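Asker: For reference, this is model_4.tsv, and it has TSV, C-alpha atoms.
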chain	number	residue	atom	x	y	z
T	1394	MET	CA	126.62	104.69	104.54
T	1395	GLN	CA	127.11	105.65	100.96
T	1396	LEU	CA	126.69	103.88	97.64
T	1397	GLU	CA	126.40	104.52	93.95
T	1398	THR	CA	123.47	103.33	91.91
T	1399	ARG	CA	121.33	104.30	88.92
T	1400	ILE	CA	117.95	105.92	89.27
T	1401	ASN	CA	115.90	106.42	86.11
T	1402	GLY	CA	119.04	105.94	84.03
T	1403	LEU	CA	121.18	108.47	85.89
T	1404	ALA	CA	124.14	107.64	88.10
T	1405	VAL	CA	123.40	108.77	91.65
T	1406	THR	CA	125.30	108.67	94.95
T	1407	LEU	CA	123.09	107.99	97.95
T	1408	ASP	CA	123.88	108.77	101.59
T	1409	PHE	CA	121.77	106.89	104.11
T	1410	ARG	CA	121.76	105.34	107.55
T	1411	ALA	CA	122.36	101.58	107.62
T	1412	GLY	CA	118.85	100.47	108.50
T	1413	GLU	CA	117.12	102.81	106.08
T	1414	PHE	CA	114.65	101.45	103.55
T	1415	LEU	CA	114.63	102.63	99.97
T	1416	SER	CA	111.27	104.44	100.06
T	1417	GLN	CA	112.62	106.81	102.73
T	1418	THR	CA	115.86	107.38	100.87
T	1419	LEU	CA	114.13	108.03	97.55
T	1420	ARG	CA	111.75	110.55	99.12
T	1421	ARG	CA	114.65	112.29	100.82
T	1422	TYR	CA	116.32	112.63	97.43
T	1423	GLY	CA	113.20	114.18	95.93
T	1424	TYR	CA	111.51	111.22	94.29
T	1425	LEU	CA	108.23	112.22	95.88
T	1426	SER	CA	106.11	110.00	93.65
T	1427	VAL	CA	107.11	107.18	96.00
T	1428	LYS	CA	104.36	107.10	98.63
T	1429	GLN	CA	104.28	105.29	101.96
T	1430	GLY	CA	100.75	104.26	102.79
T	1431	CYS	CA	100.88	101.54	105.43
T	1432	ASP	CA	104.24	100.88	107.13
T	1433	THR	CA	103.52	97.14	107.08
T	1434	GLY	CA	104.52	96.22	103.53
T	1435	SER	CA	100.97	95.58	102.45
T	1436	CYS	CA	99.63	98.57	100.46
T	1437	GLY	CA	101.83	98.61	97.34
T	1438	LEU	CA	102.03	102.42	97.19
T	1439	CYS	CA	105.81	102.47	97.41
T	1440	THR	CA	106.29	100.18	94.39
T	1441	ILE	CA	109.31	100.92	92.24
T	1442	TRP	CA	111.26	98.70	89.86
T	1443	LEU	CA	114.56	97.18	90.84
T	1444	ASN	CA	116.27	95.99	87.67
T	1445	GLY	CA	112.88	96.05	85.97
T	1446	CYS	CA	111.12	93.97	88.63
T	1447	PRO	CA	108.42	95.60	90.78
T	1448	VAL	CA	109.37	95.61	94.47
T	1449	LEU	CA	108.18	97.32	97.63
T	1450	SER	CA	110.71	100.07	98.26
T	1451	CYS	CA	109.52	100.22	101.89
T	1452	SER	CA	110.82	96.68	102.38
T	1453	THR	CA	114.02	96.97	100.36
T	1454	LEU	CA	117.09	98.02	102.29
T	1455	THR	CA	118.84	100.94	100.60
T	1456	ALA	CA	122.15	99.24	101.44
T	1457	ARG	CA	121.25	96.56	98.90
T	1458	VAL	CA	120.70	98.72	95.84
T	1459	GLY	CA	124.31	99.57	95.00
T	1460	GLN	CA	125.05	99.37	91.24
T	1461	GLN	CA	121.45	98.40	90.44
T	1462	HIS	CA	118.86	99.98	88.18
T	1463	ILE	CA	116.06	101.72	90.05
T	1464	THR	CA	113.04	103.03	88.18
T	1465	THR	CA	110.41	105.32	89.68
T	1466	ILE	CA	107.42	106.68	87.82
T	1467	GLU	CA	109.51	109.75	86.98
T	1468	GLY	CA	111.52	107.44	84.73
T	1469	VAL	CA	108.57	106.17	82.69
T	1470	GLN	CA	106.54	109.35	82.36
T	1471	LYS	CA	105.32	108.87	78.83
T	1472	GLU	CA	103.97	105.37	79.42
T	1473	ALA	CA	102.52	106.41	82.78
T	1474	GLU	CA	100.71	109.29	81.11
T	1475	SER	CA	99.27	106.96	78.53
T	1476	PHE	CA	97.90	104.69	81.28
T	1477	ALA	CA	96.68	107.72	83.26
T	1478	ASN	CA	94.55	108.76	80.27
T	1479	PHE	CA	92.77	105.40	80.37
T	1480	MET	CA	92.28	105.74	84.13
T	1481	VAL	CA	90.79	109.21	83.75
T	1482	ALA	CA	88.55	108.10	80.89
T	1483	GLU	CA	87.09	105.40	83.15
T	1484	GLY	CA	86.67	107.74	86.11
T	1485	ALA	CA	88.88	105.39	88.11
T	1486	GLU	CA	91.14	107.97	89.75
T	1487	GLN	CA	89.96	109.85	92.80
T	1488	CYS	CA	92.51	111.12	95.33
T	1489	GLY	CA	95.45	109.77	93.34
T	1490	PHE	CA	97.63	108.86	96.32
T	1491	CYS	CA	97.93	105.22	95.25
T	1492	ALA	CA	98.41	106.05	91.56
T	1493	PRO	CA	102.23	106.03	91.25
T	1494	GLY	CA	102.75	102.64	92.92
T	1495	PHE	CA	99.71	101.18	91.20
T	1496	THR	CA	100.85	102.47	87.81
T	1497	MET	CA	104.35	101.01	88.28
T	1498	THR	CA	102.78	97.62	89.01
T	1499	VAL	CA	100.45	97.83	86.00
T	1500	LEU	CA	103.32	98.76	83.67
T	1501	ALA	CA	105.38	95.86	85.02
T	1502	MET	CA	102.43	93.51	84.57
T	1503	LYS	CA	102.05	94.61	80.96
T	1504	ARG	CA	105.66	93.59	80.36
T	1505	GLU	CA	105.34	90.30	82.21
T	1506	LEU	CA	101.94	88.83	81.33
T	1507	GLN	CA	100.71	88.04	77.83
T	1508	SER	CA	96.94	88.45	77.36
T	1509	PRO	CA	96.11	87.90	81.05
T	1510	THR	CA	92.64	86.90	82.20
T	1511	GLU	CA	90.79	89.09	84.69
T	1512	ALA	CA	91.73	86.60	87.41
T	1513	ALA	CA	95.40	86.84	86.44
T	1514	ILE	CA	95.22	90.65	86.52
T	1515	ASN	CA	93.58	90.59	89.93
T	1516	HIS	CA	96.23	88.21	91.19
T	1517	TYR	CA	99.10	90.32	89.87
T	1518	LEU	CA	97.64	93.48	91.37
T	1519	ALA	CA	96.62	92.05	94.77
T	1520	GLY	CA	98.53	94.01	97.38
T	1521	ASN	CA	97.94	97.36	95.66
T	1522	LEU	CA	95.37	99.07	97.81
T	1523	CYS	CA	93.08	101.93	96.81
T	1524	ARG	CA	90.87	103.28	99.55
T	1525	CYS	CA	88.71	105.52	97.33
T	1526	SER	CA	87.38	103.08	94.81
T	1527	GLY	CA	86.03	99.60	94.24
T	1528	TYR	CA	88.70	98.72	91.64
T	1529	LYS	CA	86.10	98.34	88.86
T	1530	GLY	CA	87.19	101.45	86.98
T	1531	GLN	CA	90.81	100.42	87.30
T	1532	MET	CA	90.03	97.03	85.77
T	1533	ARG	CA	88.29	98.63	82.80
T	1534	ALA	CA	91.20	101.04	82.32
T	1535	ILE	CA	93.77	98.23	82.54
T	1536	LYS	CA	91.96	96.05	80.02
T	1537	LYS	CA	91.75	98.90	77.52
T	1538	PHE	CA	95.34	99.96	78.15
T	1539	MET	CA	96.54	96.40	77.56
T	1540	GLY	CA	94.37	96.02	74.47
T	1541	LEU	CA	92.29	93.25	76.03
T	1542	TYR	CA	88.90	94.53	74.80
V	1241	MET	CA	111.92	101.65	112.72
V	1242	LEU	CA	114.77	99.28	112.03
V	1243	GLN	CA	118.08	100.49	113.42
V	1244	ILE	CA	121.34	98.93	112.27
V	1245	ASP	CA	124.54	100.02	114.00
V	1246	ASN	CA	126.99	98.11	111.86
V	1247	PHE	CA	126.22	96.82	108.37
V	1248	VAL	CA	128.54	94.12	107.03
V	1249	TYR	CA	128.56	93.07	103.37
V	1250	ALA	CA	129.73	89.47	103.57
V	1251	SER	CA	132.40	88.69	101.00
V	1252	SER	CA	132.01	84.94	101.46
V	1253	LEU	CA	130.01	82.53	103.59
V	1254	ASP	CA	133.11	82.00	105.74
V	1255	HIS	CA	133.34	85.73	106.31
V	1256	ALA	CA	129.63	85.89	107.22
V	1257	TYR	CA	129.95	82.94	109.56
V	1258	ASN	CA	133.02	84.34	111.30
V	1259	VAL	CA	131.29	87.67	111.90
V	1260	LEU	CA	128.18	85.85	113.11
V	1261	ILE	CA	129.94	83.75	115.73
V	1262	SER	CA	132.43	86.40	116.85
V	1263	THR	CA	130.10	89.41	117.13
V	1264	PRO	CA	127.49	89.45	119.90
V	1265	GLY	CA	124.10	90.64	118.70
V	1266	SER	CA	124.82	89.94	115.04
V	1267	VAL	CA	122.03	88.87	112.72
V	1268	ILE	CA	121.94	87.50	109.18
V	1269	LEU	CA	119.58	89.53	106.99
V	1270	GLY	CA	117.05	87.79	104.78
V	1271	GLY	CA	114.64	89.80	102.68
V	1272	CYS	CA	113.79	92.04	105.69
V	1273	GLY	CA	110.04	91.96	104.94
V	1274	TYR	CA	109.33	90.82	108.48
V	1275	LEU	CA	112.22	92.56	110.19
V	1276	LYS	CA	110.98	95.93	108.97
V	1277	LEU	CA	107.73	95.51	110.90
V	1278	GLY	CA	109.46	95.77	114.26
V	1279	ASP	CA	111.39	98.43	116.09
V	1280	ARG	CA	114.52	96.35	116.36
V	1281	THR	CA	118.02	97.62	116.79
V	1282	LEU	CA	120.65	95.31	115.34
V	1283	ALA	CA	124.18	95.78	116.63
V	1284	THR	CA	125.54	94.07	113.51
V	1285	ALA	CA	123.61	93.08	110.39
V	1286	ILE	CA	125.26	90.64	108.00
V	1287	ASP	CA	124.20	90.94	104.39
V	1288	LEU	CA	124.48	87.97	102.03
V	1289	SER	CA	123.20	89.75	98.93
V	1290	LYS	CA	126.58	89.80	97.21
V	1291	LEU	CA	127.15	86.03	97.55
V	1292	LYS	CA	125.07	84.89	94.57
V	1293	LEU	CA	122.71	82.82	96.70
V	1294	ASP	CA	119.79	83.68	94.45
V	1295	TYR	CA	119.40	80.61	92.23
V	1296	ILE	CA	117.27	77.59	91.44
V	1297	THR	CA	119.27	74.72	89.97
V	1298	GLU	CA	118.69	71.12	89.15
V	1299	THR	CA	120.74	67.98	89.78
V	1300	VAL	CA	119.79	64.47	88.69
V	1301	ALA	CA	117.67	63.81	91.76
V	1302	THR	CA	117.16	67.20	93.40
V	1303	ILE	CA	116.23	70.84	93.00
V	1304	GLU	CA	118.46	73.26	94.89
V	1305	VAL	CA	117.26	76.70	95.90
V	1306	GLY	CA	119.70	79.32	97.19
V	1307	ALA	CA	118.84	81.01	100.48
V	1308	MET	CA	118.53	84.47	98.94
V	1309	THR	CA	116.04	83.33	96.29
V	1310	SER	CA	112.84	85.35	96.45
V	1311	PHE	CA	109.37	83.90	96.85
V	1312	ARG	CA	108.47	85.37	93.48
V	1313	ALA	CA	111.34	83.52	91.78
V	1314	LEU	CA	110.28	80.29	93.48
V	1315	GLU	CA	106.66	80.84	92.46
V	1316	THR	CA	107.40	81.63	88.81
V	1317	GLY	CA	110.43	79.35	88.33
V	1318	THR	CA	109.93	76.75	85.60
V	1319	LEU	CA	110.86	73.91	87.93
V	1320	THR	CA	109.61	75.03	91.31
V	1321	GLY	CA	106.43	76.58	89.94
V	1322	SER	CA	105.25	73.40	88.28
V	1323	LEU	CA	106.69	70.35	90.05
V	1324	TRP	CA	104.74	68.44	92.71
V	1325	ASN	CA	101.37	69.39	91.23
V	1326	GLY	CA	102.35	73.08	91.41
V	1327	VAL	CA	102.09	73.09	95.21
V	1328	ILE	CA	104.74	75.77	95.79
V	1329	ARG	CA	102.98	78.16	93.50
V	1330	SER	CA	99.62	77.66	95.21
V	1331	ALA	CA	101.22	78.10	98.63
V	1332	LEU	CA	102.98	81.34	97.76
V	1333	GLU	CA	100.68	83.07	95.32
V	1334	ASN	CA	98.45	84.73	97.91
V	1335	ILE	CA	101.17	86.16	100.13
V	1336	VAL	CA	100.55	89.93	100.07
V	1337	GLY	CA	101.45	90.82	96.47
V	1338	VAL	CA	103.91	90.34	93.63
V	1339	GLN	CA	106.17	93.16	94.84
V	1340	PHE	CA	106.33	91.82	98.40
V	1341	ARG	CA	107.14	88.32	97.20
V	1342	ALA	CA	109.94	89.77	95.09
V	1343	THR	CA	111.72	90.91	98.27
V	1344	VAL	CA	110.96	88.09	100.72
V	1345	THR	CA	113.60	85.34	100.69
V	1346	VAL	CA	113.44	81.60	101.20
V	1347	GLY	CA	116.36	81.72	103.65
V	1348	GLY	CA	114.86	84.50	105.75
V	1349	THR	CA	111.59	82.64	106.13
V	1350	ILE	CA	113.12	79.30	107.03
V	1351	SER	CA	115.72	80.73	109.39
V	1352	GLY	CA	112.99	82.78	111.08
V	1353	ARG	CA	111.02	79.54	111.53
V	1354	TYR	CA	107.92	81.68	111.29
V	1355	PRO	CA	104.92	79.74	112.54
V	1356	PHE	CA	102.59	81.50	110.10
V	1357	SER	CA	104.77	80.56	107.12
V	1358	ASP	CA	103.00	79.09	104.10
V	1359	LEU	CA	106.32	78.01	102.62
V	1360	ILE	CA	107.53	76.01	105.63
V	1361	THR	CA	104.28	74.02	105.76
V	1362	THR	CA	104.69	73.18	102.09
V	1363	LEU	CA	108.38	72.33	102.29
V	1364	LEU	CA	107.67	69.88	105.11
V	1365	ALA	CA	105.30	68.01	102.79
V	1366	LEU	CA	108.12	67.96	100.21
V	1367	ASP	CA	110.66	66.51	102.70
V	1368	ALA	CA	112.94	69.51	102.19
V	1369	GLU	CA	116.49	69.36	103.48
V	1370	LEU	CA	118.49	72.39	104.49
V	1371	TYR	CA	122.17	72.91	103.86
V	1372	PHE	CA	123.91	75.01	106.50
V	1373	HIS	CA	127.37	76.46	106.14
V	1374	LYS	CA	128.65	74.83	109.35
V	1375	ARG	CA	126.32	71.95	110.18
V	1376	GLY	CA	125.83	70.76	106.62
V	1377	LEU	CA	122.66	68.86	105.77
V	1378	VAL	CA	119.73	69.01	108.21
V	1379	LYS	CA	116.18	67.82	107.58
V	1380	LEU	CA	113.69	70.69	107.77
V	1381	ASN	CA	111.53	68.66	110.12
V	1382	ASN	CA	114.45	68.32	112.56
V	1383	TYR	CA	115.49	71.93	112.18
V	1384	LEU	CA	112.04	73.12	113.24
V	1385	GLN	CA	112.31	71.12	116.45
V	1386	ASP	CA	115.99	71.80	117.25
V	1387	LYS	CA	117.15	74.65	119.44
V	1388	PRO	CA	118.31	77.67	117.42
V	1389	ALA	CA	122.02	77.49	116.58
V	1390	LYS	CA	124.26	80.14	115.07
V	1391	ASP	CA	124.69	79.06	111.49
V	1392	ILE	CA	123.93	80.25	107.99
V	1393	LEU	CA	121.43	78.60	105.71
V	1394	GLU	CA	123.02	78.32	102.29
V	1395	LYS	CA	120.41	76.46	100.28
V	1396	ILE	CA	117.42	74.17	100.46
V	1397	ILE	CA	117.31	70.83	98.70
V	1398	LEU	CA	114.11	69.36	97.35
V	1399	PRO	CA	113.58	65.88	95.92
V	1400	LYS	CA	112.90	65.94	92.19
V	1401	ASP	CA	110.28	63.24	92.42
V	1402	ARG	CA	106.78	62.71	91.09
V	1403	ARG	CA	104.98	63.21	94.37
V	1404	LEU	CA	101.56	64.77	94.15
V	1405	ALA	CA	101.08	67.55	96.65
V	1406	ALA	CA	98.41	70.12	97.43
V	1407	TYR	CA	98.08	73.19	99.62
V	1408	ARG	CA	95.09	74.83	101.29
V	1409	SER	CA	94.67	77.72	103.70
V	1410	ILE	CA	91.99	79.82	105.33
V	1411	ARG	CA	92.60	83.56	105.27
V	1412	LYS	CA	90.42	86.43	106.42
V	1413	THR	CA	91.27	88.26	103.25
V	1414	ARG	CA	93.01	86.69	100.31
V	1415	THR	CA	96.40	88.29	100.92
V	1416	ASP	CA	96.47	88.13	104.72
V	1417	TYR	CA	98.40	85.65	106.89
V	1418	ALA	CA	96.77	82.23	107.02
V	1419	VAL	CA	94.55	81.49	110.00
V	1420	LEU	CA	95.48	77.88	109.31
V	1421	ASN	CA	97.38	76.28	106.46
V	1422	CYS	CA	97.83	72.73	105.29
V	1423	ALA	CA	99.98	70.86	102.80
V	1424	VAL	CA	99.71	67.20	101.90
V	1425	ALA	CA	101.71	64.92	99.64
V	1426	GLN	CA	101.46	61.42	98.26
V	1427	THR	CA	104.92	59.93	97.80
V	1428	ASP	CA	106.32	56.53	96.88
V	1429	ASP	CA	106.96	55.85	100.55
V	1430	GLY	CA	103.75	57.17	102.05
V	1431	TYR	CA	101.78	60.30	102.79
V	1432	ARG	CA	102.67	63.63	104.37
V	1433	ILE	CA	100.05	65.63	106.22
V	1434	VAL	CA	101.28	69.00	107.50
V	1435	VAL	CA	99.35	71.71	109.27
V	1436	GLY	CA	100.80	75.12	110.07
V	1437	SER	CA	99.83	78.51	111.47
V	1438	ARG	CA	98.03	76.62	114.27
V	1439	PRO	CA	99.36	79.24	115.28
V	1440	GLY	CA	102.37	77.15	116.33
V	1441	ARG	CA	105.00	76.03	113.86
V	1442	ALA	CA	104.02	73.67	111.08
V	1443	ALA	CA	103.97	70.02	112.10
V	1444	ARG	CA	103.17	66.64	110.56
V	1445	SER	CA	100.34	64.51	111.85
V	1446	GLU	CA	101.73	61.00	112.09
V	1447	SER	CA	98.38	59.41	112.89
V	1448	ALA	CA	96.76	60.96	109.81
V	1449	GLU	CA	99.69	59.87	107.65
V	1450	GLN	CA	99.60	56.35	109.09
V	1451	HIS	CA	95.90	56.03	108.39
V	1452	LEU	CA	96.42	56.85	104.72
V	1453	ASN	CA	99.48	54.64	104.49
V	1454	ASN	CA	97.38	51.74	105.74
V	1455	HIS	CA	94.14	52.39	103.90
V	1456	GLY	CA	94.97	54.45	100.80
V	1457	LEU	CA	93.06	57.42	99.43
V	1458	ASN	CA	89.29	57.44	99.15
V	1459	ASP	CA	86.42	59.67	100.27
V	1460	LYS	CA	86.21	57.90	103.61
V	1461	THR	CA	89.92	57.80	104.43
V	1462	ILE	CA	90.55	61.44	103.59
V	1463	SER	CA	87.81	62.55	105.99
V	1464	GLU	CA	89.25	60.31	108.67
V	1465	ALA	CA	92.75	61.68	108.00
V	1466	GLY	CA	91.38	65.20	108.54
V	1467	ARG	CA	89.79	64.15	111.81
V	1468	LEU	CA	92.98	62.46	112.98
V	1469	ALA	CA	95.06	65.54	112.12
V	1470	ALA	CA	92.69	67.78	114.08
V	1471	ASN	CA	92.85	65.47	117.08
V	1472	SER	CA	96.59	64.82	117.07
V	1473	LEU	CA	97.91	68.36	116.59
V	1474	LYS	CA	97.86	71.20	119.08
V	1475	PHE	CA	96.00	74.40	118.23
V	1476	GLY	CA	96.17	77.74	119.95
V	1477	ASP	CA	94.63	81.19	120.06
V	1478	ASN	CA	95.88	84.38	118.48
V	1479	PRO	CA	94.10	87.50	117.15
V	1480	ARG	CA	93.33	85.72	113.87
V	1481	GLY	CA	91.45	82.81	115.38
V	1482	SER	CA	90.77	80.65	118.41
V	1483	SER	CA	92.11	77.16	118.92
V	1484	LEU	CA	88.57	75.78	118.69
V	1485	TYR	CA	88.05	77.47	115.32
V	1486	ARG	CA	91.37	76.19	114.02
V	1487	GLN	CA	90.64	72.67	115.20
V	1488	SER	CA	87.23	72.83	113.53
V	1489	ILE	CA	88.52	73.92	110.13
V	1490	CYS	CA	91.56	71.63	110.17
V	1491	PRO	CA	89.70	68.50	108.96
V	1492	VAL	CA	88.15	70.48	106.12
V	1493	LEU	CA	91.48	71.81	104.86
V	1494	VAL	CA	93.15	68.41	105.11
V	1495	ARG	CA	90.26	66.75	103.30
V	1496	ARG	CA	90.20	69.36	100.50
V	1497	ALA	CA	93.93	69.14	99.96
V	1498	LEU	CA	93.77	65.32	99.86
V	1499	GLN	CA	90.82	65.54	97.49
V	1500	GLU	CA	92.98	67.55	95.10
V	1501	VAL	CA	95.73	64.93	95.29
V	1502	MET	CA	93.19	62.16	94.74
V	1503	HIS	CA	91.80	63.83	91.64
V	1504	ALA	CA	95.24	64.71	90.29
V	1505	ALA	CA	96.38	61.09	90.58
What would the structure in this file look like if it were written as structure tokens?
Answerer:
Amino acid sequence: MQLETRINGLAVTLDFRAGEFLSQTLRRYGYLSVKQGCDTGSCGLCTIWLNGCPVLSCSTLTARVGQQHITTIEGVQKEAESFANFMVAEGAEQCGFCAPGFTMTVLAMKRELQSPTEAAINHYLAGNLCRCSGYKGQMRAIKKFMGLY
Amino acid sequence: MLQIDNFVYASSLDHAYNVLISTPGSVILGGCGYLKLGDRTLATAIDLSKLKLDYITETVATIEVGAMTSFRALETGTLTGSLWNGVIRSALENIVGVQFRATVTVGGTISGRYPFSDLITTLLALDAELYFHKRGLVKLNNYLQDKPAKDILEKIILPKDRRLAAYRSIRKTRTDYAVLNCAVAQTDDGYRIVVGSRPGRAARSESAEQHLNNHGLNDKTISEAGRLAANSLKFGDNPRGSSLYRQSICPVLVRRALQEVMHAA
């Protein structure tokens, strides 16, 4: 199948097989920030934005993204770098494999939630797994990044 | 890996329905969150995503939710997120994560009649009705017991009433499938006590409902309603829990949910 869509603001034509999910297609087209960690839709590593809304690209059929706006971390580099600096300062990042999907969710949360509590942050970020850490450093980094301290 | 041989973008519900009944092995796609877990090959997949079935609207007496509405939209919607004591929000908010709930659809879940569904349990307590393209209006409770028929769910219809409802579940981790889930409601014409993920499909306990209808809500009756629900419903084993465990925790969930309703009243 073939369709036209927009990825990080650029018009793109995608070729794909009918049952293909977006994470596979994006990786094939070189968007290698999109990771696949679990194959069961439960790790959050493949998170991208579809029309500004965070979704699991591993559970989104590519056939459904025609004429939509897809954003990967490559499309929000400056903001991602700013958040990454907070993560590094808190020693939160270790292997980094979960970072792109996690960062996309954090940036979406910042747009969606006003002055969230720690419980609201935890709720928004549930389903983003990190196997290196205990999430404490991430929480400190998020609070500072969102200006909650 | 999901294999689709023929992908059809439906241009109307009639088009989708005609393909569905005339093409052997054809399947209507929901959000695909569950479908992607298997190794299925679909001869023909029918996609409804271009039919504008993603909406939550209000009439004088009802709330209507289009079949392609995501769980996240239902959870955060001004109406559906807050009505009925916020029961829909509490039922959906621990399903995997925000991004997963943004892809999973109401129609996919209901049509799949998934026994582990948190939404179906809750919608039973809300007396949800389903509107199918061919059959028209069907009560959710009847649909769950009917034999599967080839049809397309277009929307669900919920009563815009003041019922107080509450939801409880037991999960091994917060975002996992429920080992057991429960939704209750206090309505003008009596109580609803629903238990799902038993691991069979969600079902109402008539004896528990009857007890509350006769004796009202107090500390004693809610415990008895829990006991009656545990004794009247069937429980089974699956990797998440044994039937004995489910039957043991059932009264506790029912009581806690009723307690919430009692205190919200």
Asker: Given only C-alpha atoms as the basis, pick out the residue of T:Tyr1528, T:Phe1538, T:Phe1490, T:Phe1409 nearest to chain V.
Answerer: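 Closest residue, counting only C-alpha atoms: T:Phe1409.
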Asker: What residues in chain V lie within 6 Å of chain T, counting only C-alpha atoms, written as a VMD selection string?
Answerer: chain V and resid 1242 to 1244 1273 1277 1336 to 1337 1339 to 1340 1342
Asker: Residues at most 8 Å from Ala1307 in chain V, counting all atoms listed in the file, excluding those fewer than 4 positions away in the same chain, as an MDAnalysis selection string?
Answerer: chainID V and resid 1293:1294 1345:1348 1393:1396
Asker: Show me, as a VMD selection string, the residues that have an atom within 9 Å of Ile1489 in chain V when counting all atoms listed in the file, minus same-chain residues fewer than 5 positions from it.
Answerer: chain V and resid 1410 1420 1470 1484 1494
Asker: Using all atoms listed in the file, can you list as a PyMOL selection string the residues within 8 Å of (122.6, 89.7, 110.6)?
Answerer: chain V and resi 1260+1266-1269+1282+1284-1287
Asker: Could you give me, as a ChimeraX atom specification, the residues that have an atom at most 12 Å away from the point (92.4, 102.2, 98.2) in the coordinates of the file, using all atoms listed in the file?
Answerer: /T:1430-1431,1435-1438,1485-1492,1494-1495,1519-1529,1531
Asker: Have a look at CA of Ala1465 in chain V and CA of His1451 in chain V and let me know their distance in Å, one decimal.
Answerer: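 If I compute the distance from CA of Ala1465 in chain V to CA of His1451 in chain V, I get 6.5 Å.
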Asker: Report the distance between CA of Val1338 in chain V and CA of Ala1513 in chain T in Å, rounded to one decimal place.
Answerer: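 It comes out at 11.7 Å.
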Asker: What separation in Å, quoted to one decimal, exists between CA of Ser1310 in chain V and CA of Tyr1295 in chain V?
Answerer: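 Those two atoms sit 9.1 Å apart.
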Asker: Counting all atoms listed in the file, which of V:Arg1441, V:His1373, V:Arg1403, V:Arg1312 gets nearest to Gly1476 in chain V?
Answerer: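 For Gly1476 in chain V, the nearest of the given residues is V:Arg1441.
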Asker: Between V:Asp1477, V:Asp1386, V:Asp1358, V:Asp1459, single out the one closest to Met1502 in chain V, counting all atoms listed in the file.
Answerer: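 Ranking V:Asp1477, V:Asp1386, V:Asp1358, V:Asp1459 by distance to Met1502 in chain V, first place goes to V:Asp1459.
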Asker: Nearest residue to Leu1359 in chain V out of V:Ala1256, V:Ile1303, V:Ala1442, V:Ile1296, using only C-alpha atoms?
Answerer: V:Ala1442
